[in-house]
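**Student:** What follows is a single structure, and I will ask about it in a moment.
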Number of protein chains: 2
Amino acid sequence: MPPPLDRSLIAGLPAFESLSGEDLDRVLALARSLHYSKEAEIFSQEEEANSFFLLLSGHVRVVQTSAEGHQVIPRYINEGELFGIAVAMGRTTYPATAVAAVDCVALSWPNSAWTEFQSRFPSFGASTYRTIGSRLQDTQTRVMEMSSEQVEQRIAHTILRLVKQSGRKTEGGIEIDFPITRQDIAEMTGTTLHTVSRFLSSWENEGLVRGGRQKVTVTDPHGLMLIAESRRGK
Amino acid sequence: MPPPLDRSLIAGLPAFESLSGEDLDRVLALARSLHYSKEAEIFSQEEEANSFFLLLSGHVRVVQTSAEGHQVIPRYINEGELFGIAVAMGRTTYPATAVAAVDCVALSWPNSAWTEFQSRFPSFGASTYRTIGSRLQDTQTRVMEMSSEQVEQRIAHTILRLVKQSGRKTEGGIEIDFPITRQDIAEMTGTTLHTVSRFLSSWENEGLVRGGRQKVTVTDPHGLMLIAESRRGK
DNA sequence: CGGCGTATTTGCGCTGGCGCAAACACCGAG
DNA sequence: CTCGGTGTTTGCGCCAGCGCAAATACGCCG
C-alpha cells in the first residue's frame, strides 16, 4: 500500500478546482502515482486507453506518427495538465504517444474514475471541456499558420509559444524549460531540422536568440515577435 | 407563437439519443427554428456567442479568418450536427464564421440551455464530448497531412473525405452534395485555387474526376485513393 | 582525459507550387 | 439573346525551402 497522497498535490489545479477537501481525498484515493524517467514512454499511440493522466511535474512530449512513419508533435504537456484523456473523447485507443521530455511525476486514474468525476464534480466536466476546447483551438491556429505563413514565421511563433508556456528566466534571456532538439521544433512546425537550424543560426547572428544543444534561449522576445508578425507574402 | 416543433426532427440524432419523448419536447421547447438562405452568415467570428446550433438540413461552411485576412475552412457541417458550440469550450465568442453553403434550416438554443441539457441528460454531455473530440482528431489529422504530404495528396484526401461525408450518388460518379469552389478546396488544403484547379484538370484528363462550376464529381474513387496514398517523398 | 554517439551547422543544387496575369466558360438577369 | 459577374483554366518565371551530404561541436561515460 503506497502512502496516501497529499491533497496539496492537486488542490490548486483547474481540473479539481472548487472541490472540497473530502472530494480531493476521494480523487486521490483512486489515483496511482507514477514516475517516468527521461525519454520513457508513458503511453503509446494505438494502445488501448485504459487510464488518463495528470502531470504533476516535468514536461511531456506528445508525438503522433503517421502510417508512413512521419512524426508530428501536436503539443507539450505542462505541469498541472490532464493528458491521455482519450476516454473523454469516446476513444478506445490513445491517438498519440506520450514521452517524458524530462523526468516526470504523474498521477493516473482508470477510465472508470472519469465517469465518476464527471457525474460527481460538475466543475471537473466543465474544466475538461475547456481543456479539449483550447487544444482544438490551438490546433486550428496551427493549421492557419501552416496555411498562411512562411516557415520563418511559423518557427518564430512556435518558439514564442513555447517560451510563453514553459519559459524560464535566466541571465541573458528566457529559455525553454526542457530539452528540445531542432528536430522537435521541426516536427512542431512542419518543416525539417535543417531549415530550423538555419533560421535559428541566422537569428543568433542578429542577436535574437541563443542556441545550444537541446536548448533555445530567447534574448530578444520583441525582436522575435517582429519576425513572427512580419508578413512576407500578401 | 411559432407552431410546436415535432419530436421527429431531433429524435434520431446522436446529440439527443436515448432521450425520452418528454425530454425531447423539453429540448424543443427551448429551441428556435431558423432558416438561412444560401451564403447567409449564421454567426460571425469574434461575435459574442450567445447560442448554439443544430443543423437540420443543408450544409454549413465554417470559415476562419486570420488577422492578416487569410481564410481557412476548418470543416463543413452536415445535417444533424451541432455547431457553434463555443459555450462547450468555455469561450465567450465564436472562433469562426458559419455560412450557409446552401439554403439551411437550423435549430438554435440559448447558452443557458446548454447547462440544462448537460446536467439533465448525461448522454448529451457524452455525445458532445465525442463531437469535440472527433473534431480535434480531424484537425490533428489535417496538421499531419499538411506536414508530411505533397499538395496533390492533400487535395486528394480532402476530396475523398468530402465525398465520404457528403457524397451523393449520381449517374457516372459520386458528387459532393453542395456547391464548392476551387477556392474553397484551396482553403481546406492550405494551397491556392490555381494549384487546385491544375490538379483537378489533370485528374479529369486521367478520368478520375469530373469538374464543373462549383461542383466536383469523383468517377474513380479507387484511382483517387491511389493518388492520395502514393508517397512521393520518403 | 579520450572516445563515441548524438545533435547541430552549413553548402549546394533542384523543384514543387506559388504569384502574376490573361484568357475562358458558365450562369443568371434583363 | 446579350451582357456582366463570378468561377475556372492555363502559361510562365521564380524562389523558398527541401534533400543530400559532409563537416563540426557538444556532452557523457568509462
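Labels for the C-alpha cells follow display order: chains A, B, ..., residues from 1 in each chain, ligands from 1.
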Could you give me, as CSV, a per-residue list for chain B showing, wherever an atom lies at most 12 Å from an atom of chain C, the closest pair of atoms and their distance in Å to one decimal, using only C-alpha atoms (C1' of nucleotides) and sorting by chain then residue number from low to high?
**Tutor:**
residue,atom,partner,partner_atom,distance
B:Glu149,CA,C:DG16,C1',11.9
B:Gln150,CA,C:DG16,C1',8.5
B:Val151,CA,C:DG17,C1',8.2
B:Glu152,CA,C:DG17,C1',10.2
B:Gly190,CA,C:DG17,C1',11.6
B:Thr191,CA,C:DC18,C1',8.6
B:Thr192,CA,C:DC18,C1',7.7
B:Leu193,CA,C:DC18,C1',10.4
B:His194,CA,C:DC18,C1',8.7
B:Thr195,CA,C:DG17,C1',7.2
B:Val196,CA,C:DG17,C1',10.5
B:Arg198,CA,C:DG17,C1',10.6
B:Phe199,CA,C:DG17,C1',11.3
B:Gly212,CA,C:DC26,C1',9.1
B:Arg213,CA,C:DC26,C1',7.2
B:Gln214,CA,C:DC26,C1',10.5
B:Arg232,CA,C:DG16,C1',11.5
B:Gly233,CA,C:DG16,C1',11.5
**Student:** For the residues in that selection, give me C-alpha atoms as a PDB file, in the first residue's frame.
**Tutor:**
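See part_21.pdb below for the written result:
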ATOM      1  CA  GLU B 149       2.145  15.218 -47.698  1.00  0.00           C
ATOM      2  CA  GLN B 150       2.527  16.892 -51.038  1.00  0.00           C
ATOM      3  CA  VAL B 151      -0.217  19.204 -52.167  1.00  0.00           C
ATOM      4  CA  GLU B 152      -1.574  16.657 -54.616  1.00  0.00           C
ATOM      5  CA  GLY B 190      -3.677  25.179 -47.488  1.00  0.00           C
ATOM      6  CA  THR B 191      -2.912  25.919 -51.108  1.00  0.00           C
ATOM      7  CA  THR B 192      -4.152  28.208 -53.874  1.00  0.00           C
ATOM      8  CA  LEU B 193      -7.110  27.899 -56.196  1.00  0.00           C
ATOM      9  CA  HIS B 194      -4.699  27.786 -59.120  1.00  0.00           C
ATOM     10  CA  THR B 195      -2.967  24.722 -57.846  1.00  0.00           C
ATOM     11  CA  VAL B 196      -6.254  23.025 -57.018  1.00  0.00           C
ATOM     12  CA  ARG B 198      -4.369  22.350 -62.063  1.00  0.00           C
ATOM     13  CA  PHE B 199      -4.646  19.056 -60.234  1.00  0.00           C
ATOM     14  CA  GLY B 212     -17.931  21.767 -63.137  1.00  0.00           C
ATOM     15  CA  ARG B 213     -18.761  25.148 -61.797  1.00  0.00           C
ATOM     16  CA  GLN B 214     -18.784  24.770 -58.008  1.00  0.00           C
ATOM     17  CA  ARG B 232       6.304  10.787 -53.249  1.00  0.00           C
ATOM     18  CA  GLY B 233       8.720  11.965 -50.630  1.00  0.00           C
TER      19      GLY B 233
END
**Student:** Could you give me, as a ChimeraX atom specification, each residue of region 9-81 of chain A that DSSP assigns to strand (DSSP E) when run on this structure's backbone?
**Tutor:** /A:32-36,41-43,51-57,60-65,71-77
**Student:** Quick check: residues of chain B within 6 Å of chain A, only C-alpha atoms, returned as a list in words.
**Tutor:**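 That gives the following set of residues: Met89, Gly90, Tyr129, Arg130, Gly133, Leu136, Ser147 and Gly190 of chain B.
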**Student:** Per residue of chain D within 8 Å of chain A, note the shortest atom pair and the distance in Å to one decimal, counting only C-alpha atoms (C1' of nucleotides), and order the rows by chain and increasing residue number, as JSON lines.
**Tutor:**
{"residue": "D:DG17", "atom": "C1'", "partner": "A:Thr195", "partner_atom": "CA", "distance": 7.2}
{"residue": "D:DC18", "atom": "C1'", "partner": "A:Thr192", "partner_atom": "CA", "distance": 7.7}
{"residue": "D:DC26", "atom": "C1'", "partner": "A:Arg213", "partner_atom": "CA", "distance": 6.9}
**Student:** Mind dumping the selected residues with N, CA and C atoms (P, O5', C5', C4', C3', O3' and C1' of nucleotides) as a CSV table (one decimal), in the first residue's frame?
**Tutor:**
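Result written to again_32.csv:
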chain,number,residue,atom,x,y,z
D,17,DG,P,10.2,29.6,-46.6
D,17,DG,O5',10.7,28.1,-46.8
D,17,DG,C5',9.9,27.2,-47.5
D,17,DG,C4',10.6,25.9,-47.8
D,17,DG,C3',11.4,25.3,-46.7
D,17,DG,O3',11.2,24.0,-46.8
D,17,DG,C1',12.8,25.5,-48.5
D,18,DC,P,11.3,23.0,-45.5
D,18,DC,O5',11.6,21.6,-46.3
D,18,DC,C5',10.8,21.3,-47.4
D,18,DC,C4',11.6,20.4,-48.4
D,18,DC,C3',12.4,19.3,-47.7
D,18,DC,O3',12.1,18.1,-48.2
D,18,DC,C1',13.9,20.6,-49.0
D,26,DC,P,30.7,23.8,-29.0
D,26,DC,O5',29.9,22.8,-28.0
D,26,DC,C5',28.5,22.5,-28.4
D,26,DC,C4',28.2,21.1,-27.8
D,26,DC,C3',28.6,21.0,-26.3
D,26,DC,O3',27.4,21.0,-25.6
D,26,DC,C1',28.9,19.0,-27.7
**Student:** Counting only C-alpha atoms (C1' of nucleotides), what is within 12 Å of Gly12 (chain B), bar same-chain residues fewer than 5 positions away, as a PyMOL selection string?
**Tutor:** chain B and resi 7+17-21+24+56+79-81
**Student:** Could you write out, as a VMD selection string, all the residues of chain A that DSSP marks as helix (DSSP H, G or I)?
**Tutor:** chain A and resid 7 to 9 14 to 16 21 to 29 86 to 89 111 to 120 122 to 148 151 to 166 182 to 189 193 to 205 221 to 229
